[in-house]
Structure formats: structure tokens, C-alpha cells
file structure-v3.cif (mmCIF, C-alpha atoms)
data_target
#
loop_
_atom_site.label_atom_id
_atom_site.label_comp_id
_atom_site.auth_asym_id
_atom_site.auth_seq_id
_atom_site.Cartn_x
_atom_site.Cartn_y
_atom_site.Cartn_z
CA MET A 20 0.00 0.00 0.00
CA TRP A 21 2.89 2.35 0.79
CA GLN A 22 4.36 1.58 -2.61
CA LEU A 23 0.99 2.38 -4.20
CA LEU A 24 0.86 5.71 -2.45
CA ALA A 25 4.41 6.48 -3.50
CA ALA A 26 3.72 5.59 -7.12
CA THR A 27 0.60 7.76 -7.15
CA CYS A 28 2.47 10.67 -5.69
CA TRP A 29 5.30 10.35 -8.17
CA MET A 30 2.84 10.46 -11.06
CA LEU A 31 1.17 13.53 -9.66
CA LEU A 32 4.49 15.15 -8.89
CA LEU A 33 5.82 15.01 -12.43
CA GLY A 34 5.84 18.50 -13.77
CA PRO A 35 3.91 20.58 -11.24
CA VAL A 36 6.11 19.70 -8.26
CA TYR A 37 8.41 22.63 -9.03
CA GLY A 38 5.60 24.86 -10.21
CA TYR A 39 2.65 26.46 -8.58
CA TYR A 40 2.06 23.60 -6.08
CA ARG A 41 5.13 24.79 -4.25
CA LYS A 42 2.98 27.56 -2.82
CA GLY A 43 0.87 24.99 -0.97
CA ARG A 44 3.81 23.38 0.79
CA THR A 45 4.37 23.76 4.52
CA THR A 46 6.63 21.45 6.46
CA ASN A 47 6.28 21.18 10.22
CA PRO A 48 9.72 21.23 11.82
CA GLU A 49 8.87 18.16 13.95
CA ALA A 50 8.57 16.08 10.78
CA ASN A 51 12.36 15.96 10.68
CA MET A 52 12.90 15.34 14.40
CA ASN A 53 13.29 12.27 16.57
CA ILE A 54 11.20 11.73 19.72
CA SER A 55 13.50 13.51 22.16
CA GLN A 56 13.83 16.47 19.79
CA ILE A 57 10.06 16.81 19.48
CA ILE A 58 9.64 16.79 23.26
CA SER A 59 12.35 19.43 23.65
CA TYR A 60 10.96 21.49 20.74
CA TRP A 61 7.74 22.09 22.67
CA GLY A 62 9.62 23.14 25.80
CA TYR A 63 9.27 19.98 27.87
CA PRO A 64 12.09 18.22 29.74
CA TYR A 65 12.92 14.70 28.63
CA GLU A 66 15.00 11.74 29.68
CA GLN A 67 15.95 8.79 27.49
CA TYR A 68 16.90 5.33 28.70
CA ASP A 69 17.82 1.90 27.38
CA VAL A 70 16.05 -1.03 29.03
CA VAL A 71 17.53 -4.51 28.55
CA THR A 72 15.12 -7.46 28.59
CA LYS A 73 15.93 -10.90 29.97
CA ASP A 74 16.30 -12.21 26.41
CA GLY A 75 18.75 -9.47 25.43
CA TYR A 76 16.66 -6.89 23.54
CA VAL A 77 17.51 -3.24 24.16
CA LEU A 78 14.41 -1.04 24.31
CA GLY A 79 14.46 2.74 23.99
CA ILE A 80 12.08 4.43 26.44
CA TYR A 81 11.34 8.12 27.00
CA ARG A 82 10.32 10.15 30.01
CA ILE A 83 8.70 13.56 30.44
CA PRO A 84 9.20 14.01 34.20
CA TYR A 85 7.09 17.14 34.52
CA GLY A 86 5.20 19.62 32.36
CA ARG A 87 5.56 23.22 31.32
CA LYS A 88 2.68 24.27 33.57
CA CYS A 89 3.62 22.03 36.47
CA PRO A 90 6.79 22.76 38.46
CA ARG A 91 9.22 19.97 39.26
CA THR A 92 8.19 18.39 42.52
CA ALA A 93 8.70 14.81 43.58
CA PRO A 94 7.26 12.32 43.57
CA LYS A 95 4.62 12.64 40.87
CA PRO A 96 2.21 9.83 39.98
CA VAL A 97 3.63 7.74 37.13
CA VAL A 98 1.85 7.05 33.84
CA TYR A 99 3.19 4.62 31.24
CA LEU A 100 2.05 4.85 27.58
CA GLN A 101 2.37 1.87 25.22
CA HIS A 102 1.82 2.23 21.46
CA GLY A 103 0.12 -0.07 18.95
CA LEU A 104 1.16 -2.26 16.02
CA VAL A 105 4.01 -0.97 13.76
CA ALA A 106 3.94 2.24 15.79
CA SER A 107 6.16 3.95 18.38
CA ALA A 108 6.22 6.30 21.34
CA GLY A 109 5.99 9.10 18.78
CA ASN A 110 2.23 8.48 18.63
CA TRP A 111 1.75 10.18 21.98
CA ILE A 112 3.51 13.46 21.06
CA CYS A 113 2.82 14.00 17.34
CA ASN A 114 -0.08 16.41 17.80
CA LEU A 115 0.12 19.88 19.30
CA PRO A 116 0.73 19.92 23.07
CA ASN A 117 -2.92 20.67 23.84
CA ASN A 118 -3.93 17.58 21.87
CA SER A 119 -1.15 15.06 22.65
CA LEU A 120 -1.77 12.76 25.60
CA ALA A 121 1.83 12.68 26.85
CA PHE A 122 2.07 16.48 26.99
CA LEU A 123 -1.38 16.87 28.54
CA LEU A 124 -0.56 14.38 31.29
CA ALA A 125 2.76 16.09 32.04
CA ASP A 126 1.02 19.47 32.27
CA VAL A 127 -1.54 18.26 34.83
CA GLY A 128 1.06 16.78 37.15
CA TYR A 129 2.09 13.30 36.01
CA ASP A 130 5.48 11.71 35.46
CA VAL A 131 5.04 10.38 31.91
CA TRP A 132 6.93 7.42 30.45
CA MET A 133 6.61 6.13 26.88
CA GLY A 134 7.71 2.68 25.74
CA ASN A 135 8.81 1.20 22.43
CA SER A 136 8.22 -2.44 21.54
CA ARG A 137 11.15 -4.52 20.31
CA GLY A 138 11.95 -4.15 16.64
CA ASN A 139 10.56 -0.67 16.07
CA THR A 140 12.62 2.35 15.04
CA TRP A 141 13.72 3.18 18.61
CA SER A 142 14.18 -0.38 19.92
CA ARG A 143 16.27 -2.14 17.30
CA LYS A 144 19.27 -3.38 19.33
CA HIS A 145 20.21 -6.67 20.97
CA LEU A 146 23.09 -7.76 23.17
CA GLN A 147 23.96 -10.66 20.84
CA PHE A 148 21.91 -10.65 17.63
CA SER A 149 22.16 -8.21 14.76
CA PRO A 150 18.92 -6.83 13.29
CA LYS A 151 20.26 -8.20 10.01
CA SER A 152 19.82 -11.74 11.31
CA PRO A 153 16.58 -13.81 11.32
CA GLU A 154 17.25 -14.72 14.96
CA TYR A 155 16.70 -11.12 16.01
CA TRP A 156 13.23 -11.06 14.42
CA ALA A 157 11.98 -14.35 15.92
CA PHE A 158 9.44 -12.68 18.20
CA SER A 159 5.80 -11.67 18.37
CA LEU A 160 3.24 -10.53 20.95
CA ASP A 161 4.27 -13.32 23.33
CA GLU A 162 7.78 -11.96 23.84
CA MET A 163 6.61 -8.36 24.11
CA ALA A 164 4.30 -9.41 26.94
CA LYS A 165 6.69 -11.85 28.61
CA TYR A 166 9.87 -9.76 28.42
CA ASP A 167 9.33 -6.18 27.21
CA LEU A 168 6.58 -5.05 29.60
CA PRO A 169 8.09 -6.55 32.78
CA ALA A 170 11.53 -5.13 32.00
CA THR A 171 10.16 -1.68 31.22
CA ILE A 172 7.70 -1.44 34.09
CA ASN A 173 10.21 -2.77 36.63
CA PHE A 174 12.80 -0.27 35.36
CA ILE A 175 10.32 2.60 35.86
CA VAL A 176 9.42 1.39 39.36
CA GLU A 177 13.09 1.21 40.30
CA LYS A 178 13.89 4.61 38.78
CA THR A 179 10.96 6.48 40.34
CA GLY A 180 10.75 4.62 43.63
CA GLN A 181 7.00 4.26 43.13
CA GLU A 182 5.57 0.77 43.49
CA GLN A 183 2.60 1.32 41.17
CA LEU A 184 1.82 3.19 37.97
CA TYR A 185 -1.02 3.88 35.55
CA TYR A 186 -0.88 2.02 32.24
CA VAL A 187 -2.34 3.44 29.01
CA GLY A 188 -2.26 1.16 25.98
CA HIS A 189 -3.51 1.59 22.44
CA SER A 190 -4.35 -1.41 20.23
CA GLN A 191 -1.40 -3.82 20.44
CA GLY A 192 -0.40 -1.91 23.56
CA THR A 193 -3.57 -3.31 25.14
CA THR A 194 -3.01 -6.79 23.67
CA ILE A 195 0.36 -7.30 25.31
CA ALA A 196 -1.02 -5.84 28.55
CA PHE A 197 -3.92 -8.31 28.61
CA ILE A 198 -1.40 -11.12 28.10
CA ALA A 199 1.12 -9.84 30.65
CA PHE A 200 -1.33 -8.88 33.39
CA SER A 201 -3.28 -12.16 33.12
CA THR A 202 -0.18 -14.39 33.17
CA ASN A 203 2.11 -12.43 35.51
CA PRO A 204 0.25 -11.60 38.77
CA GLU A 205 3.29 -9.88 40.28
CA LEU A 206 3.47 -7.49 37.34
CA ALA A 207 -0.29 -6.90 37.54
CA LYS A 208 0.15 -5.68 41.13
CA ARG A 209 2.25 -2.81 39.75
CA ILE A 210 -0.74 -1.36 37.85
CA LYS A 211 -3.16 1.06 39.53
CA ILE A 212 -5.48 1.30 36.51
CA PHE A 213 -5.19 -0.14 33.01
CA PHE A 214 -6.61 2.28 30.41
CA ALA A 215 -7.38 0.33 27.23
CA LEU A 216 -7.83 2.45 24.09
CA ALA A 217 -9.19 0.46 21.13
CA PRO A 218 -8.57 -2.85 22.94
CA VAL A 219 -7.57 -5.88 20.90
CA THR A 220 -7.54 -9.49 22.08
CA THR A 221 -9.42 -11.50 19.46
CA VAL A 222 -9.67 -10.19 15.89
CA LYS A 223 -12.32 -12.57 14.59
CA TYR A 224 -14.42 -9.74 13.18
CA THR A 225 -11.71 -7.28 12.17
CA GLN A 226 -12.29 -5.52 8.86
CA SER A 227 -8.72 -4.32 8.54
CA PRO A 228 -6.77 -5.20 5.36
CA MET A 229 -4.65 -7.23 7.78
CA ARG A 230 -7.22 -9.96 7.07
CA LYS A 231 -5.59 -10.47 3.68
CA LEU A 232 -2.44 -11.79 5.37
CA SER A 233 -4.52 -14.50 7.02
CA SER A 234 -5.46 -15.97 3.62
CA LEU A 235 -1.80 -16.59 2.76
CA SER A 236 0.30 -19.52 3.91
CA ARG A 237 3.34 -18.82 6.05
CA LYS A 238 5.54 -19.86 3.18
CA VAL A 239 3.92 -17.30 0.86
CA VAL A 240 4.12 -14.56 3.51
CA LYS A 241 7.85 -15.21 3.94
CA VAL A 242 8.36 -15.18 0.17
CA LEU A 243 6.62 -11.80 -0.02
CA PHE A 244 8.04 -10.17 3.12
CA GLY A 245 11.03 -12.27 4.15
CA ASP A 246 11.60 -13.53 7.68
CA LYS A 247 12.83 -10.36 9.35
CA MET A 248 11.35 -6.86 9.46
CA PHE A 249 7.85 -5.80 8.45
CA SER A 250 6.83 -2.23 7.56
CA PRO A 251 9.84 -0.24 8.78
CA HIS A 252 10.16 3.51 8.40
CA THR A 253 12.45 4.20 5.43
CA LEU A 254 14.27 7.15 3.92
CA PHE A 255 11.87 6.99 1.00
CA GLY A 256 8.96 7.00 3.41
CA GLN A 257 10.46 10.05 5.11
CA PHE A 258 10.73 11.75 1.73
CA ILE A 259 7.06 11.06 1.00
CA ALA A 260 6.08 12.38 4.44
CA THR A 261 8.07 15.62 4.26
CA LYS A 262 8.16 16.44 0.55
CA VAL A 263 4.82 15.13 -0.68
CA CYS A 264 2.33 14.84 2.17
CA ASN A 265 3.13 18.36 3.35
CA ARG A 266 1.44 19.71 0.19
CA ARG A 267 -2.26 20.49 0.41
CA ILE A 268 -2.94 18.90 -2.96
CA PHE A 269 -1.79 15.51 -1.59
CA HIS A 270 -3.51 15.72 1.80
CA ARG A 271 -6.42 13.57 0.63
CA ILE A 272 -4.17 10.83 -0.79
CA CYS A 273 -1.92 10.80 2.28
CA SER A 274 -4.80 10.75 4.74
CA ASN A 275 -6.36 7.88 2.79
CA PHE A 276 -3.16 5.93 3.34
CA LEU A 277 -3.06 6.80 7.04
CA PHE A 278 -6.59 5.45 7.45
CA THR A 279 -6.18 2.36 5.24
CA LEU A 280 -5.68 -0.04 8.13
CA SER A 281 -7.89 1.66 10.65
CA GLY A 282 -11.10 3.17 9.26
CA PHE A 283 -11.67 6.59 7.72
CA ASP A 284 -12.37 9.79 9.67
CA PRO A 285 -10.63 12.74 7.97
CA LYS A 286 -12.83 15.31 9.72
CA ASN A 287 -11.21 14.45 13.05
CA LEU A 288 -7.63 14.72 11.78
CA ASN A 289 -5.41 17.80 11.82
CA MET A 290 -4.51 17.63 8.13
CA SER A 291 -1.78 20.24 8.54
CA ARG A 292 0.23 17.69 10.56
CA LEU A 293 0.14 14.77 8.13
CA ASP A 294 3.89 15.09 7.56
CA VAL A 295 4.51 14.65 11.31
CA TYR A 296 2.20 11.65 11.58
CA LEU A 297 3.75 9.90 8.60
CA SER A 298 7.32 10.72 9.61
CA GLN A 299 6.74 8.76 12.84
CA SER A 300 4.84 5.84 11.29
CA PRO A 301 5.19 3.11 10.39
CA ALA A 302 7.97 2.20 12.80
CA GLY A 303 8.19 -1.51 12.02
CA THR A 304 7.78 -4.89 13.68
CA SER A 305 8.69 -8.49 12.84
CA VAL A 306 7.16 -10.62 10.09
CA GLN A 307 6.59 -13.21 12.81
CA ASN A 308 4.47 -10.72 14.72
CA MET A 309 2.31 -10.22 11.64
CA LEU A 310 2.02 -14.00 11.28
CA HIS A 311 0.79 -14.09 14.87
CA TRP A 312 -1.90 -11.55 14.01
CA ALA A 313 -2.85 -13.54 10.90
CA GLN A 314 -3.12 -16.64 13.09
CA ALA A 315 -5.49 -14.75 15.41
CA VAL A 316 -7.69 -13.70 12.50
CA ASN A 317 -7.93 -17.29 11.26
CA SER A 318 -8.54 -18.90 14.64
CA GLY A 319 -10.66 -16.24 16.32
CA LEU A 320 -8.74 -17.09 19.50
CA PHE A 321 -6.59 -15.14 21.93
CA GLN A 322 -3.67 -17.52 21.83
CA ALA A 323 0.12 -17.71 21.86
CA PHE A 324 2.05 -17.98 18.60
CA ASN A 325 1.95 -21.36 16.88
CA TRP A 326 5.55 -22.17 15.97
CA GLY A 327 4.39 -24.52 13.23
CA ASN A 328 5.08 -27.95 14.66
CA PRO A 329 4.50 -29.78 17.97
CA ASP A 330 8.21 -30.03 18.80
CA GLN A 331 8.71 -26.27 18.54
CA ASN A 332 5.55 -25.62 20.54
CA MET A 333 6.70 -28.08 23.21
CA MET A 334 10.05 -26.28 23.43
CA HIS A 335 8.41 -22.88 23.90
CA PHE A 336 5.27 -23.76 25.87
CA HIS A 337 5.85 -27.26 27.26
CA GLN A 338 2.74 -28.41 25.44
CA LEU A 339 1.94 -29.50 21.88
CA THR A 340 -0.35 -26.58 21.05
CA PRO A 341 -0.03 -22.87 21.92
CA PRO A 342 -1.78 -21.95 25.18
CA LEU A 343 -4.88 -19.77 25.22
CA TYR A 344 -4.70 -16.48 27.11
CA ASN A 345 -7.42 -16.09 29.74
CA VAL A 346 -8.29 -12.41 30.21
CA SER A 347 -10.59 -13.24 33.15
CA LYS A 348 -7.48 -14.02 35.23
CA MET A 349 -6.37 -10.38 35.06
CA ASP A 350 -6.89 -8.70 38.43
CA VAL A 351 -6.39 -5.06 37.42
CA PRO A 352 -8.95 -2.20 37.46
CA THR A 353 -9.60 -1.53 33.78
CA ALA A 354 -11.18 1.34 31.81
CA VAL A 355 -12.04 0.80 28.14
CA TRP A 356 -12.77 3.07 25.19
CA SER A 357 -13.84 1.66 21.82
CA GLY A 358 -14.77 3.14 18.43
CA GLY A 359 -17.86 2.50 16.36
CA GLN A 360 -15.94 2.92 13.10
CA ASP A 361 -12.84 1.01 14.17
CA ALA A 362 -11.87 -1.42 11.40
CA VAL A 363 -9.20 -3.12 13.54
CA ALA A 364 -10.79 -3.44 16.99
CA ASP A 365 -14.23 -4.34 15.66
CA LEU A 366 -17.08 -3.66 18.06
CA LYS A 367 -18.15 -7.34 18.05
CA ASP A 368 -14.72 -8.38 19.28
CA VAL A 369 -14.79 -5.66 21.96
CA GLU A 370 -18.26 -6.74 23.09
CA ASN A 371 -16.96 -10.29 23.47
CA LEU A 372 -14.02 -9.02 25.50
CA LEU A 373 -15.85 -6.79 28.01
CA PRO A 374 -17.56 -9.57 30.06
CA LYS A 375 -14.17 -11.23 30.52
CA ILE A 376 -12.65 -8.19 32.25
CA ALA A 377 -13.11 -9.00 35.93
CA ARG A 378 -12.61 -5.44 37.22
CA LEU A 379 -14.12 -3.25 34.50
CA ILE A 380 -14.54 0.18 36.10
CA TYR A 381 -15.46 2.26 33.02
CA TYR A 382 -16.53 1.75 29.43
CA LYS A 383 -17.29 4.24 26.68
CA LEU A 384 -18.20 3.64 23.05
CA ILE A 385 -17.41 6.58 20.77
CA PRO A 386 -19.58 5.99 17.67
CA HIS A 387 -17.54 8.05 15.18
CA TYR A 388 -14.08 6.84 16.25
CA ASN A 389 -11.71 4.84 14.06
CA HIS A 390 -8.54 3.10 15.20
CA VAL A 391 -6.19 6.10 15.19
CA ASP A 392 -8.64 8.65 16.59
CA PHE A 393 -7.66 7.50 20.09
CA TYR A 394 -4.31 9.28 19.81
CA LEU A 395 -4.69 11.51 16.72
CA GLY A 396 -8.32 12.65 16.97
CA GLN A 397 -8.76 16.38 17.40
CA ASP A 398 -11.56 15.72 19.89
CA ALA A 399 -9.64 13.06 21.85
CA PRO A 400 -9.08 15.40 24.85
CA HIS A 401 -12.86 15.83 25.12
CA GLU A 402 -13.88 12.27 24.25
CA ILE A 403 -11.17 10.39 26.19
CA TYR A 404 -8.42 12.26 27.98
CA GLN A 405 -10.50 14.33 30.40
CA ASP A 406 -12.24 11.21 31.73
CA LEU A 407 -8.96 9.28 31.80
CA ILE A 408 -7.37 12.01 33.95
CA ARG A 409 -10.49 12.16 36.16
CA LEU A 410 -10.26 8.42 36.82
CA MET A 411 -6.58 8.80 37.73
CA ARG A 412 -7.32 11.61 40.17
CA GLU A 413 -10.13 9.67 41.81
CA CYS A 414 -7.66 6.85 42.39
CA LEU A 415 -5.11 9.09 44.15
CA PRO A 416 -5.08 9.12 47.98
CA ASN A 417 -6.48 12.26 49.58
#

call {"tool": "encode", "arguments": {"input": "structure-v3.cif", "output": "C-alpha cells"}}
result
Amino acid sequence: MWQLLAATCWMLLLGPVYGYYRKGRTTNPEANMNISQIISYWGYPYEQYDVVTKDGYVLGIYRIPYGRKCPRTAPKPVVYLQHGLVASAGNWICNLPNNSLAFLLADVGYDVWMGNSRGNTWSRKHLQFSPKSPEYWAFSLDEMAKYDLPATINFIVEKTGQEQLYYVGHSQGTTIAFIAFSTNPELAKRIKIFFALAPVTTVKYTQSPMRKLSSLSRKVVKVLFGDKMFSPHTLFGQFIATKVCNRRIFHRICSNFLFTLSGFDPKNLNMSRLDVYLSQSPAGTSVQNMLHWAQAVNSGLFQAFNWGNPDQNMMHFHQLTPPLYNVSKMDVPTAVWSGGQDAVADLKDVENLLPKIARLIYYKLIPHYNHVDFYLGQDAPHEIYQDLIRLMRECLPN
């Protein structure tokens, strides 16, 4: 799809790109910045750390310890933000400060931390394996839940001295949380409230183009995409974001691409920031992770990755078939927001999930929301963030 967008843009660019369309070009400076530079650009303090998992992956995480409107006092309540599929921590800061969750939380008195799942742009290191090797990319949701979340959350607890934190996840950020908090009770005790934005466990009813992967055999998928990285951010992608999508004439094409996987809601998008959005995404994951998602579409189950033969499954899980994940075992207060136009987290899947959440404290359906509105929507502060912050404050001791 990215190649299709690029080809379309090239055709449209021939000739007029150096002509009168130049007048419609505006590039946001953040479109050429990394995460720490964006945070600093808006006048917020930042800290950057490397977290090493038990299986040797090095994860880049970011901290905004306090806001512009909130003086530095310690300790502040801690909030951890976890992005979705092929995304990054950049999701939480790519809008203006009054519309980006990380900045809003910092400004109302929270110590904000943002994670990056293994294999994305900011977490592509390992103590032993090179990202050029297939061994590096032999991971999916299971490893993110088993290794990435415990390592990151325990690092934050140790660094801040606070025993508990608030967890906000979007899409895959909720998936790995449901896995981790239902299988690791000690980790679950670290979470005050789990805020699930566009939650995804089963994807039986998903309408995302991701369904097309599920119709292909693993062999075909690996022929098409290899056995390493899937959907990384590239220099060519950066060129498209900053030299094409910053032109008003291409806003419609670029926004169509942005919404391809998630549902279409251009009225709720700040079109002037398309170059920033697309310069941060996609951020990449493993082909194996996409195979895991394809498996979930085919099976309709919330289940660990099937390694393809009983011997491999026995080695990883000590049983012949991948275990099912049981959300009802999760003992964490949970607040959920879902979208009526969400092509990824289909409402039928969400409705099947809700009764399994043992400590559901809040639920809101937003009829016009698609999958990216939860962090990009111009009305997200009104529809989500104000209630999210209210629930946090109600949880704080008097």
C-alpha cells in the first residue's frame, strides 16, 4: 500500500512539483525530528533510557518528568504509555501539546513514560543478535508481553521509587497488557489502573486489510516479506512524508493511506500535521508478529504464537499446542474506550471481551471513532483524555 501511495504521488508530482504547487507546501519542523527532539521542541524536559530485557533486547524508552505548567516536585504519579502495532512512542507526542496525551498528562502533574516495543525504530538493538539476522526477528506478541513489559515497568518502578503506575495502551499496547497482566500476577500488582484504548484481544471480526495476510500460507508470507522486518520507516517514506504529504494537494491521498488499516475519519484529523504523523509511522515490527496476528484472525482465539510444529511448541510452551490467554485471570482495574468505526478493533470483538474483564470500572463507546482517533483525533481530549485524567485523580489518595 505504501508503494501504491508512492507511485501515485510520483505520477502527480511530475511536472507541477516545481511549479505552482510549491505555494501549498508547509513542512512542520517536527517532521524531521526524533522523539526527544520533538519533546524538547515544545519546551518539555525529557529523559531517554535503554532497558535490557531478559532475552537481550535493548528497548528505547522516554520520560517527560514534569510539564511546562507544572513545576518539578517529587514524587509525581507515574503514567506509562504503550503504542500499537508498527507504531512507536511518537504516537503520543505527534499532535500539538494541547492535543497530545503525553504532553497533557505532564502538564496536569504526572510523570510520563513512553515505551517502544522490540523491533521498532527506537528499539532495534540486541546484546547478541544483529537486526540483520533472522534470529533477532523471531518474536511476536508473546515476547513483548513476557519480556518487554516486565523489563520496562520494573525499570520505571526502580527509577521512580514508586511501586505502582497507571498504564495506558492503544491497540497492540492493550493486547500485550492483557497477556502480561493475566499471566504475571506480580506485574499486575504494579498497575493502579489499566486504560485500554481500542482494545484488541481477538480479531475474529476485524475488517482491517490485515485480514488479507490470514489468507496466505506462512511460506507465501515469507516469500513476499522475508523472515525479518515488516513495515519499517524508510528514507523513501520520510521523503514522502516531508516532501509530498506536506502539500495540500496531496492531503487527501496521504490521509487515505493513514486510514487504510484503521477506518476513515478525515474530519477528526489535523490535516496540517500529516507530515509529522507519517514521519513517525510506520515504525516496524517483525514478520513473525504479523504471522501471529494472521493466526489470530484465522482462529478467532486469543492464543500464543503457533511455531508450526508440535516439537517447537513443546520447546516454547511445554505443550503441543499454543496456550490460550485467559483475560478473566487479570486482576487489574480496567477502563475501556472503543470506536464504532474502528476497522481493527471491531465492536463485536470488543463486546466479546468486556464480560471477561473482571474489574471493569469504566466503558465508553465513541460511535464516530476509528482506530487512530484514540491518539490523533482532534476531539480526543474531550472524548477520552478528560475522563482518563479524572479516573486517575479519583484513584489518588487524599

call {"tool": "residues_around", "arguments": {"input": "structure-v3.cif", "residues": "Lys348 (chain A)", "least_positions_apart": "5", "cutoff": "9 Å", "atoms": "all atoms listed in the file", "output": "CSV table (one decimal) with C-alpha atoms, in the coordinates of the input"}}
result
chain,number,residue,atom,x,y,z
A,200,PHE,CA,-1.3,-8.9,33.4
A,201,SER,CA,-3.3,-12.2,33.1
A,202,THR,CA,-0.2,-14.4,33.2
A,204,PRO,CA,0.2,-11.6,38.8
A,375,LYS,CA,-14.2,-11.2,30.5
A,376,ILE,CA,-12.6,-8.2,32.2
A,377,ALA,CA,-13.1,-9.0,35.9

call {"tool": "closest_residue", "arguments": {"input": "structure-v3.cif", "among": "A:Asp74, A:Glu413, A:Glu162, A:Asp406", "to": "Trp356 (chain A)", "atoms": "all atoms listed in the file"}}
result
A:Asp406

call {"tool": "closest_residue", "arguments": {"input": "structure-v3.cif", "among": "A:Leu384, A:Ile83, A:Val242, A:Leu339", "to": "Asp126 (chain A)", "atoms": "all atoms listed in the file"}}
result
A:Ile83

call {"tool": "residues_around", "arguments": {"input": "structure-v3.cif", "residues": "region 245-257 of chain A", "least_positions_apart": "4", "cutoff": "9 Å", "atoms": "only C-alpha atoms", "output": "VMD selection string"}}
result
chain A and resid 21 25 50 to 51 105 138 to 140 150 to 157 240 to 241 261 to 262 294 297 to 309

call {"tool": "resolve_selection", "arguments": {"input": "structure-v3.cif", "expression": "the PyMOL selection byres ((chain A and resi 181) around 10)", "output": "PyMOL selection string"}}
result
chain A and resi 94-97+175-180+182-184+209

call {"tool": "write_last_selection", "arguments": {"input": "structure-v3.cif", "atoms": "C-alpha atoms", "output": "PDB file, in the frame of the given file"}}
result
ATOM      1  CA  PRO A  94       7.260  12.320  43.570  1.00  0.00           C
ATOM      2  CA  LYS A  95       4.620  12.640  40.870  1.00  0.00           C
ATOM      3  CA  PRO A  96       2.210   9.830  39.980  1.00  0.00           C
ATOM      4  CA  VAL A  97       3.630   7.740  37.130  1.00  0.00           C
ATOM      5  CA  ILE A 175      10.320   2.600  35.860  1.00  0.00           C
ATOM      6  CA  VAL A 176       9.420   1.390  39.360  1.00  0.00           C
ATOM      7  CA  GLU A 177      13.090   1.210  40.300  1.00  0.00           C
ATOM      8  CA  LYS A 178      13.890   4.610  38.780  1.00  0.00           C
ATOM      9  CA  THR A 179      10.960   6.480  40.340  1.00  0.00           C
ATOM     10  CA  GLY A 180      10.750   4.620  43.630  1.00  0.00           C
ATOM     11  CA  GLU A 182       5.570   0.770  43.490  1.00  0.00           C
ATOM     12  CA  GLN A 183       2.600   1.320  41.170  1.00  0.00           C
ATOM     13  CA  LEU A 184       1.820   3.190  37.970  1.00  0.00           C
ATOM     14  CA  ARG A 209       2.250  -2.810  39.750  1.00  0.00           C
TER      15      ARG A 209
END

call {"tool": "axis_aligned_box", "arguments": {"input": "structure-v3.cif", "around": "region 379-393 of chain A", "padding_each_side": "3 Å", "output": "JSON"}}
result
{"center_x": -12.9, "center_y": 2.7, "center_z": 25.1, "size_x": 19.4, "size_y": 17.9, "size_z": 28.0}

call {"tool": "atom_distance", "arguments": {"input": "structure-v3.cif", "atom1": "CA of Asp167 (chain A)", "atom2": "CA of Asn325 (chain A)"}}
result
19.8 Å

call {"tool": "atom_distance", "arguments": {"input": "structure-v3.cif", "atom1": "CA of Ser190 (chain A)", "atom2": "CA of Arg378 (chain A)"}}
result
19.3 Å

call {"tool": "residues_around", "arguments": {"input": "structure-v3.cif", "residues": "region 211-216 of chain A", "least_positions_apart": "5", "cutoff": "8 Å", "atoms": "all atoms listed in the file", "output": "PyMOL selection string"}}
result
chain A and resi 183-190+193+351-357+393+407+411+414

call {"tool": "atom_distance", "arguments": {"input": "structure-v3.cif", "atom1": "CA of Trp312 (chain A)", "atom2": "CA of Val219 (chain A)"}}
result
10.6 Å

call {"tool": "decode", "arguments": {"input": "structure-v3.cif", "residues": "region 166-177 of chain A", "atoms": "N, CA and C atoms", "output": "CSV table (one decimal), in the first residue's frame"}}
result
chain,number,residue,atom,x,y,z
A,166,TYR,N,8.6,-10.4,28.1
A,166,TYR,CA,9.9,-9.8,28.4
A,166,TYR,C,9.8,-8.2,28.4
A,167,ASP,N,9.2,-7.6,27.4
A,167,ASP,CA,9.3,-6.2,27.2
A,167,ASP,C,8.6,-5.4,28.3
A,168,LEU,N,7.3,-5.8,28.6
A,168,LEU,CA,6.6,-5.0,29.6
A,168,LEU,C,7.2,-5.2,31.0
A,169,PRO,N,7.5,-6.4,31.5
A,169,PRO,CA,8.1,-6.5,32.8
A,169,PRO,C,9.4,-5.8,32.9
A,170,ALA,N,10.3,-5.8,31.9
A,170,ALA,CA,11.5,-5.1,32.0
A,170,ALA,C,11.3,-3.6,32.1
A,171,THR,N,10.4,-3.1,31.3
A,171,THR,CA,10.2,-1.7,31.2
A,171,THR,C,9.5,-1.2,32.5
A,172,ILE,N,8.4,-1.9,32.9
A,172,ILE,CA,7.7,-1.4,34.1
A,172,ILE,C,8.6,-1.6,35.3
A,173,ASN,N,9.3,-2.6,35.5
A,173,ASN,CA,10.2,-2.8,36.6
A,173,ASN,C,11.3,-1.7,36.6
A,174,PHE,N,11.8,-1.3,35.5
A,174,PHE,CA,12.8,-0.3,35.4
A,174,PHE,C,12.2,1.0,35.9
A,175,ILE,N,11.0,1.3,35.4
A,175,ILE,CA,10.3,2.6,35.9
A,175,ILE,C,10.1,2.6,37.4
A,176,VAL,N,9.6,1.5,37.9
A,176,VAL,CA,9.4,1.4,39.4
A,176,VAL,C,10.7,1.6,40.1
A,177,GLU,N,11.8,1.0,39.6
A,177,GLU,CA,13.1,1.2,40.3
A,177,GLU,C,13.6,2.6,40.2
